[in-house]
Structure formats: C-alpha cells, structure tokens
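*Asks:* Provided herewith is a single structure, encoded as structure tokens, for subsequent inquiry.
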Amino acid sequence: MKKIKNIVFVFAILATNTLFAQGKFELHTVAFYNFENLFDTINQENNDEEWLPNGAQNWTHKKYRQKLHNLSKVLSEIGTGEQQSNSPVLIGGCEIENRGVLEDLVKQPLLVNKDYGIIHFDSPDKRGIDVALLYQKKHFKPTSYTSIPLYIYRSMEGKGDKEKDKDKEKEESDDKVEADKSSNRVYTRDQLLVTGLLDGEEVSIIVNHWPSRSGGEKKSAPFREAAGLLNRKIMDSLFAINPKAKIITMGDLNDGTYNKSVKEGIGAKRKKEEVKEKGIYNPFEEMFYKGHATLFHRDAGDIFDQIMVSEAFIDKDYKKFQYWKAGIYNKPYMIQNFGQYKGYPLRHTLTEIGYSDHFPVYVYLVREVK
C-alpha cells in the first residue's frame, strides 16, 4: 500500500512539473522572515538604546545599511528558480523597529523594482519591535487590515523547571518577558490580520511573533498557548463569514510544530488528509520530523518559523490558488561556516553584519492559467 502511495505521489509531482513546463500554471511565493533586530540608528521613544551608535551594539549607519542589503538579498531570492523568477508576492516579517526601516528595506536596489507596499502597526511590545506584511502591489490589493492585541498577564505563567528555566533565562535575555507593574500585563507583539485580493482571489494573512521563551519554556508556555488560541479565534471569525476562507497564518511562534500552542491552540494538522473544513494544514511539522530546522540552540534544531494554510488551499481546485509545497531558505552564504556555531544561521555580531538567527520559510501557491 505504501509503495502505491509513493508511486501516486511521484506521478502527481511529475504531472505538476509537466503542467508548469507547458505554461498552464502560475506560481506565487509567500514567505516569512524574522529580520532579527532590524533597528535604525535614530533614538526614538522605544527601547532602542542598545541599537544606537553609542549603544551596546555600536550600531552605526554603515552597519544598518549593510543589514538592509543583506536582508534584501535574501528576500529577492526566496522562491526563485522554481519555474519562475519573481521574489515573494507576500512577505511577513518580525523584529521590526518601525515603518521607517521597512521603507528603507523596500527601497534597496534588489527590491525597489518589485514595488512592495507596507502594512505595519506599532505594537506595545516592550522591546519596541513589531510585525508587518510586505506585498507586491501588482499582485496583491489589500481590502482591510487590523492589528489585534494579545492580552497576557504574569499570573498566567506556569511553574516550569527552576534549574532548566534558569539556563533558558540567561540564553534568551534579548527578548525578556516583562510585566507592567500596575496592570501585571505582559506587553508583547500584536497579531496582524490582512485581507486582500491576490490576483483577484480573496486571501487573508495573519502575521505573528509570539511571546518568547525567556524565563523558561514551561514557565512561558501559557503565553504562547494564549497566542495560539487568539490565532484560532481570528481564523474562526473569518470562517464564520466563509467556511471556505483562504487563510495563511505565518510567523515566528517561539514554539515548535509539535507544541500545544500549535497543535491544540490552532489545531494544525501534520497531514493533508487529516484536515477537515475550517481546518489548518502545517507542512512544517513533517519537515521537522525529517530533521529540518529554521534555528538552532545548543546544536539542536527546531522549526519556530512556520506558515500554515486553511483547508481551502489544499482541496485540489486548481482553478483557484492552491498550496503546492513549502521550504526553508538556507543558502550557504546565510550559514556560519566555522567555529562553535558552525551550521547555524549567520547572524549579527559586534564584528560582522550577518543576516538573522533564523532561516526564512516559504510556501508556493499555484493556480491554473485561464
């Protein structure tokens, strides 16, 4: 039986590739990238002191420009080489200081001709970092967008493991979970909901950057579980209007594909055949179990960066956009090639301007040409 399934799968892939070769399909890429501390060099009303010329990171204008160039190189290449040469039509991003850094990014020589629009809201995050969506104006027309706050409180924290949590806190101090003294609320990133027309077809996108594991994975887990439930609530509101709504939820979830926040909160499924109406398919769960990763910690890889799609994207009606396949973009130039962190994403240090501590992820959408 397994052999028959494999043969069917091979024929399906060959058939899809043949259709591409005959020009019967159009292909779009949707991507997500954690930009890792995309700060400018201007002192503003947020916690950006570390990322100033006289700050701890010695963040100069020259370094900032190099960071923009590096990110633009990656974004311009994601999705190219698979039957098409266009960069992603939709790009979700996180760890963004403000709209200004995005305006600088889309004006980079490698991206400027793509004419990316920007959807961004300032979030209440204590670090002053936000999520955003970039979109190619030629292909995507936003019809509505809103920023939805995540309400979490210190009282929600789990007990955790004191010894393990102590180590975790040291390791992830760049994104501390801090509560407001008067309200006890933990201010974190909002979830961005954008609905629009992708070449005439309605699609909704949710961009996420869930609370970190600062203070320990178990202790902070309830925060991410609340984020998963909010994500599901947003999707259910869209399904209430249209049970066949086409929804893409993406982001740095600070949890793996197997965690409760994803499996129970969102209700994501590992296999397409498990997805029912109003259900969500997560192609990155299978990738994780095959050993792939978007980030590493103590030589252990995991996939915190994920893109999931609703059931309508996998119903095989190729007259409308359908999910084709997913990937992690990790070209050799984005990888540390020596030292203690060999094989890890090449990130920023005081002496080298890298790319990010995460690899970006992407999915392909295909549609039959009329």
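Numbering starts fresh at 1 for the residues of each chain in the structure tokens, the chains themselves are lettered A, B, ... in the order given, and ligands are numbered from 1 as they appear.
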Please extract the residues of region 84-133 of chain A with a backbone DSSP assignment of strand (DSSP E or B) and present them as number ranges by chain.
*Replies:* A: 90-96, 116-120, 130-133
*Asks:* Can you write just those residues out, N, CA and C atoms, as a compact mmCIF listing (two decimals), in the first residue's frame?
*Replies:*
```txt
# COMPACT_ATOMS: atom_id res chain seq x y z
N LEU A 90 4.12 38.03 -1.16
CA LEU A 90 3.76 38.38 0.21
C LEU A 90 4.91 37.98 1.13
N ILE A 91 5.32 38.92 1.99
CA ILE A 91 6.41 38.65 2.94
C ILE A 91 5.97 39.10 4.32
N GLY A 92 5.84 38.16 5.24
CA GLY A 92 5.62 38.51 6.63
C GLY A 92 6.95 38.68 7.31
N GLY A 93 7.04 39.66 8.20
CA GLY A 93 8.30 39.90 8.89
C GLY A 93 8.08 40.24 10.35
N CYS A 94 9.13 40.03 11.15
CA CYS A 94 9.06 40.41 12.57
C CYS A 94 10.41 40.93 13.03
N GLU A 95 10.46 41.39 14.26
CA GLU A 95 11.62 42.08 14.85
C GLU A 95 11.95 43.33 14.03
N ILE A 96 10.91 44.14 13.85
CA ILE A 96 10.97 45.36 13.05
C ILE A 96 10.75 46.55 13.98
N TYR A 116 7.09 47.00 -3.51
CA TYR A 116 6.42 46.44 -2.34
C TYR A 116 5.66 47.51 -1.56
N GLY A 117 4.43 47.19 -1.20
CA GLY A 117 3.69 48.00 -0.26
C GLY A 117 3.95 47.51 1.15
N ILE A 118 3.58 48.32 2.14
CA ILE A 118 3.87 48.00 3.54
C ILE A 118 2.59 48.11 4.37
N ILE A 119 2.34 47.10 5.19
CA ILE A 119 1.28 47.19 6.21
C ILE A 119 1.94 46.95 7.55
N HIS A 120 1.88 47.95 8.41
CA HIS A 120 2.60 47.91 9.68
C HIS A 120 1.85 48.71 10.73
N ASP A 130 7.99 45.04 16.11
CA ASP A 130 6.66 44.81 15.56
C ASP A 130 6.70 43.72 14.49
N VAL A 131 5.50 43.37 14.01
CA VAL A 131 5.34 42.52 12.83
C VAL A 131 4.82 43.38 11.68
N ALA A 132 4.95 42.88 10.46
CA ALA A 132 4.49 43.63 9.30
C ALA A 132 4.29 42.70 8.12
N LEU A 133 3.61 43.21 7.11
CA LEU A 133 3.44 42.48 5.85
C LEU A 133 3.90 43.36 4.70
```
*Asks:* Kindly provide the residues of region 316-366 of chain A that approach region 250-264 of chain A to within 12 Å, each paired with its closest atom pair and their distance in Å to one decimal, based on only C-alpha atoms, listed by chain and increasing number, as CSV.
*Replies:*
```
residue,atom,partner,partner_atom,distance
A:Asp357,CA,A:Asp252,CA,11.5
A:His358,CA,A:Asp252,CA,8.9
A:Phe359,CA,A:Asp252,CA,10.5
A:Pro360,CA,A:Asp252,CA,9.6
A:Val361,CA,A:Gly251,CA,9.2
A:Tyr362,CA,A:Met250,CA,9.4
A:Val363,CA,A:Met250,CA,10.3
```
*Asks:* Write a file of the just-selected residues containing C-alpha atoms, as a JSON list (two decimals), in the first residue's frame.
*Replies:*
```
[["chain", "number", "residue", "atom", "x", "y", "z"],
["A", 357, "ASP", "CA", 19.42, 33.99, 13.70],
["A", 358, "HIS", "CA", 16.52, 32.38, 11.86],
["A", 359, "PHE", "CA", 16.22, 30.99, 8.34],
["A", 360, "PRO", "CA", 13.19, 32.26, 6.40],
["A", 361, "VAL", "CA", 10.39, 29.92, 5.37],
["A", 362, "TYR", "CA", 8.14, 29.95, 2.33],
["A", 363, "VAL", "CA", 5.27, 28.22, 0.56]]
```
*Asks:* Tell me which protein, DNA and RNA residues are within 8 Å of Arg127 (chain A), counting only C-alpha atoms, leaving out same-chain ones fewer than 4 positions away, and put them as a PyMOL selection string.
*Replies:* chain A and resi 46-48+175
*Asks:* Given the selection you just returned, output its residues as a file containing N, CA and C atoms, formatted as a PDB file, in the first residue's frame.
*Replies:*
```
ATOM      1  N   ASN A  46      11.212  54.329  22.152  1.00  0.00           N
ATOM      2  CA  ASN A  46      11.087  52.893  22.408  1.00  0.00           C
ATOM      3  C   ASN A  46      12.410  52.434  22.996  1.00  0.00           C
ATOM      4  N   ASN A  47      12.499  51.179  23.315  1.00  0.00           N
ATOM      5  CA  ASN A  47      13.722  50.665  23.952  1.00  0.00           C
ATOM      6  C   ASN A  47      14.781  50.336  22.910  1.00  0.00           C
ATOM      7  N   ASP A  48      15.293  51.383  22.249  1.00  0.00           N
ATOM      8  CA  ASP A  48      16.260  51.160  21.167  1.00  0.00           C
ATOM      9  C   ASP A  48      17.676  51.600  21.538  1.00  0.00           C
ATOM     10  N   ASP A 175      15.056  38.985  24.635  1.00  0.00           N
ATOM     11  CA  ASP A 175      13.610  39.149  24.448  1.00  0.00           C
ATOM     12  C   ASP A 175      12.894  38.778  25.748  1.00  0.00           C
TER      13      ASP A 175
END
```
*Asks:* In region 268-343 of chain A, what's helix (DSSP H, G or I) per DSSP? Answer as number ranges by chain?
*Replies:* A: 272-274, 283-289, 311-314, 332-334
*Asks:* Using only C-alpha atoms, what does the table of region 291-324 of chain A residues within 6 Å of region 365-369 of chain A look like, with each row giving the shortest atom pair and its distance in Å to one decimal, sorted by chain and ascending number, as JSON lines?
*Replies:*
```
{"residue": "A:Tyr318", "atom": "CA", "partner": "A:Arg367", "partner_atom": "CA", "distance": 5.2}
{"residue": "A:Lys319", "atom": "CA", "partner": "A:Glu368", "partner_atom": "CA", "distance": 5.2}
{"residue": "A:Lys320", "atom": "CA", "partner": "A:Arg367", "partner_atom": "CA", "distance": 5.4}
{"residue": "A:Phe321", "atom": "CA", "partner": "A:Arg367", "partner_atom": "CA", "distance": 4.6}
{"residue": "A:Gln322", "atom": "CA", "partner": "A:Leu365", "partner_atom": "CA", "distance": 5.3}
{"residue": "A:Tyr323", "atom": "CA", "partner": "A:Leu365", "partner_atom": "CA", "distance": 4.7}
{"residue": "A:Trp324", "atom": "CA", "partner": "A:Leu365", "partner_atom": "CA", "distance": 5.6}
```
*Asks:* Neighbours of region 194-199 of chain A within 7 Å (only C-alpha atoms; same-chain residues fewer than 6 positions away dropped), as an MDAnalysis selection string?
*Replies:* chainID A and resid 139:146 205:206
*Asks:* Using only C-alpha atoms, please write the residues we just selected to a file, as a PDB file, in the first residue's frame.
*Replies:*
```
ATOM      1  CA  HIS A 139      -0.369  41.159  -7.413  1.00  0.00           C
ATOM      2  CA  PHE A 140      -1.997  41.926  -4.061  1.00  0.00           C
ATOM      3  CA  LYS A 141      -4.635  44.554  -3.258  1.00  0.00           C
ATOM      4  CA  PRO A 142      -5.366  44.938   0.489  1.00  0.00           C
ATOM      5  CA  THR A 143      -9.048  45.423   1.291  1.00  0.00           C
ATOM      6  CA  SER A 144      -8.802  45.502   5.090  1.00  0.00           C
ATOM      7  CA  TYR A 145      -6.168  45.229   7.797  1.00  0.00           C
ATOM      8  CA  THR A 146      -6.069  45.473  11.569  1.00  0.00           C
ATOM      9  CA  ILE A 205      -2.970  36.608   6.110  1.00  0.00           C
ATOM     10  CA  ILE A 206      -2.125  36.600   9.822  1.00  0.00           C
TER      11      ILE A 206
END
```
*Asks:* For a test of reading the model, state the distance in Å between CA of Thr41 (chain A) and CA of Pro53 (chain A), rounded to one decimal.
*Replies:* 6.6 Å
*Asks:* Using only C-alpha atoms, find the one residue out of A:Trp210, A:Gly279, A:Phe25, A:Ala227 that sits nearest to Phe304 (chain A).
*Replies:*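 Once distances to Phe304 (chain A) are computed over only C-alpha atoms, the minimum belongs to A:Trp210.
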*Asks:* Using only C-alpha atoms, determine which residues lie at most 12 Å from Leu229 (chain A), disregarding the query and same-chain residues fewer than 5 positions distant; provide the list as JSON, numbers by chain.
*Replies:* {"A": [150, 151, 152, 191, 210, 222, 223, 224, 234, 235, 236, 260, 261, 262, 263, 264, 265, 266, 267, 268]}
*Asks:* For the selection just defined, write its residues with N, CA and C atoms to a file, as a PDB file, in the first residue's frame.
*Replies:*
```pdb
ATOM      1  N   LEU A 150      -2.725  40.873  21.863  1.00  0.00           N
ATOM      2  CA  LEU A 150      -2.707  39.650  22.654  1.00  0.00           C
ATOM      3  C   LEU A 150      -2.625  40.049  24.124  1.00  0.00           C
ATOM      4  N   TYR A 151      -3.641  39.705  24.885  1.00  0.00           N
ATOM      5  CA  TYR A 151      -3.671  40.045  26.304  1.00  0.00           C
ATOM      6  C   TYR A 151      -3.183  38.862  27.131  1.00  0.00           C
ATOM      7  N   ILE A 152      -2.009  39.025  27.708  1.00  0.00           N
ATOM      8  CA  ILE A 152      -1.460  38.004  28.598  1.00  0.00           C
ATOM      9  C   ILE A 152      -0.963  38.691  29.871  1.00  0.00           C
ATOM     10  N   GLN A 191      -1.084  40.629  16.789  1.00  0.00           N
ATOM     11  CA  GLN A 191      -1.204  39.770  15.600  1.00  0.00           C
ATOM     12  C   GLN A 191      -1.827  40.599  14.484  1.00  0.00           C
ATOM     13  N   TRP A 210       5.093  35.369  18.396  1.00  0.00           N
ATOM     14  CA  TRP A 210       4.550  35.006  19.696  1.00  0.00           C
ATOM     15  C   TRP A 210       5.554  35.259  20.816  1.00  0.00           C
ATOM     16  N   PRO A 222       2.222  29.129  28.722  1.00  0.00           N
ATOM     17  CA  PRO A 222       0.849  29.651  28.682  1.00  0.00           C
ATOM     18  C   PRO A 222       0.686  30.913  27.840  1.00  0.00           C
ATOM     19  N   PHE A 223       1.751  31.717  27.729  1.00  0.00           N
ATOM     20  CA  PHE A 223       1.676  32.919  26.899  1.00  0.00           C
ATOM     21  C   PHE A 223       1.515  32.546  25.428  1.00  0.00           C
ATOM     22  N   ARG A 224       2.288  31.567  24.993  1.00  0.00           N
ATOM     23  CA  ARG A 224       2.200  31.141  23.586  1.00  0.00           C
ATOM     24  C   ARG A 224       0.920  30.346  23.328  1.00  0.00           C
ATOM     25  N   ILE A 234      -9.198  34.361  15.562  1.00  0.00           N
ATOM     26  CA  ILE A 234      -9.197  35.208  14.362  1.00  0.00           C
ATOM     27  C   ILE A 234      -9.647  34.398  13.153  1.00  0.00           C
ATOM     28  N   MET A 235      -9.090  33.192  13.009  1.00  0.00           N
ATOM     29  CA  MET A 235      -9.457  32.342  11.877  1.00  0.00           C
ATOM     30  C   MET A 235     -10.929  31.958  11.933  1.00  0.00           C
ATOM     31  N   ASP A 236     -11.427  31.637  13.120  1.00  0.00           N
ATOM     32  CA  ASP A 236     -12.834  31.258  13.252  1.00  0.00           C
ATOM     33  C   ASP A 236     -13.759  32.415  12.883  1.00  0.00           C
ATOM     34  N   LYS A 260       1.766  22.492  22.162  1.00  0.00           N
ATOM     35  CA  LYS A 260       0.336  22.636  22.428  1.00  0.00           C
ATOM     36  C   LYS A 260      -0.244  23.881  21.779  1.00  0.00           C
ATOM     37  N   SER A 261       0.521  24.971  21.763  1.00  0.00           N
ATOM     38  CA  SER A 261       0.046  26.227  21.179  1.00  0.00           C
ATOM     39  C   SER A 261      -0.333  26.069  19.714  1.00  0.00           C
ATOM     40  N   VAL A 262       0.402  25.205  19.008  1.00  0.00           N
ATOM     41  CA  VAL A 262       0.167  24.981  17.573  1.00  0.00           C
ATOM     42  C   VAL A 262      -0.813  23.834  17.352  1.00  0.00           C
ATOM     43  N   LYS A 263      -0.577  22.706  18.026  1.00  0.00           N
ATOM     44  CA  LYS A 263      -1.384  21.507  17.792  1.00  0.00           C
ATOM     45  C   LYS A 263      -2.801  21.644  18.341  1.00  0.00           C
ATOM     46  N   GLU A 264      -2.943  22.251  19.515  1.00  0.00           N
ATOM     47  CA  GLU A 264      -4.265  22.386  20.119  1.00  0.00           C
ATOM     48  C   GLU A 264      -4.836  23.790  19.958  1.00  0.00           C
ATOM     49  N   GLY A 265      -3.989  24.807  20.151  1.00  0.00           N
ATOM     50  CA  GLY A 265      -4.469  26.179  20.031  1.00  0.00           C
ATOM     51  C   GLY A 265      -4.989  26.477  18.642  1.00  0.00           C
ATOM     52  N   ILE A 266      -4.126  26.280  17.648  1.00  0.00           N
ATOM     53  CA  ILE A 266      -4.522  26.479  16.254  1.00  0.00           C
ATOM     54  C   ILE A 266      -5.255  25.259  15.717  1.00  0.00           C
ATOM     55  N   GLY A 267      -4.880  24.090  16.196  1.00  0.00           N
ATOM     56  CA  GLY A 267      -5.468  22.857  15.675  1.00  0.00           C
ATOM     57  C   GLY A 267      -4.830  22.402  14.380  1.00  0.00           C
ATOM     58  N   ALA A 268      -3.547  22.735  14.204  1.00  0.00           N
ATOM     59  CA  ALA A 268      -2.856  22.424  12.953  1.00  0.00           C
ATOM     60  C   ALA A 268      -2.627  20.920  12.802  1.00  0.00           C
TER      61      ALA A 268
END
```
*Asks:* Interatomic distance between CA of Ile248 (chain A) and CA of Val309 (chain A)?
*Replies:*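 Calculated distance between CA of Ile248 (chain A) and CA of Val309 (chain A) is 4.7 Å.
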*Asks:* Could you list, as a VMD selection string, every residue within 9 Å of Asp125 (chain A), counting only C-alpha atoms and ignoring same-chain residues fewer than 6 positions away?
*Replies:* chain A and resid 186 to 190
*Asks:* Go ahead and dump the residues you just picked, N, CA and C atoms, as a short mmCIF file (atom, residue, chain, number, x, y, z; two decimals), in the first residue's frame.
*Replies:*
```cif
data_model
loop_
_atom_site.label_atom_id
_atom_site.label_comp_id
_atom_site.auth_asym_id
_atom_site.auth_seq_id
_atom_site.Cartn_x
_atom_site.Cartn_y
_atom_site.Cartn_z
N VAL A 186 1.62 41.57 30.44
CA VAL A 186 2.86 41.39 29.68
C VAL A 186 2.62 41.93 28.28
N TYR A 187 3.28 43.02 27.93
CA TYR A 187 3.07 43.64 26.62
C TYR A 187 3.95 42.96 25.58
N THR A 188 3.31 42.45 24.55
CA THR A 188 4.02 41.71 23.52
C THR A 188 3.49 42.11 22.15
N ARG A 189 3.91 41.40 21.12
CA ARG A 189 3.52 41.78 19.75
C ARG A 189 2.05 41.48 19.47
N ASP A 190 1.40 42.41 18.76
CA ASP A 190 0.04 42.18 18.28
C ASP A 190 0.08 41.16 17.13
#
```
*Asks:* Of the candidates A:Tyr329, A:Thr249, A:Ser310, A:Glu217, which one gets nearest to Lys269 (chain A) if we count only C-alpha atoms?
*Replies:* A:Ser310
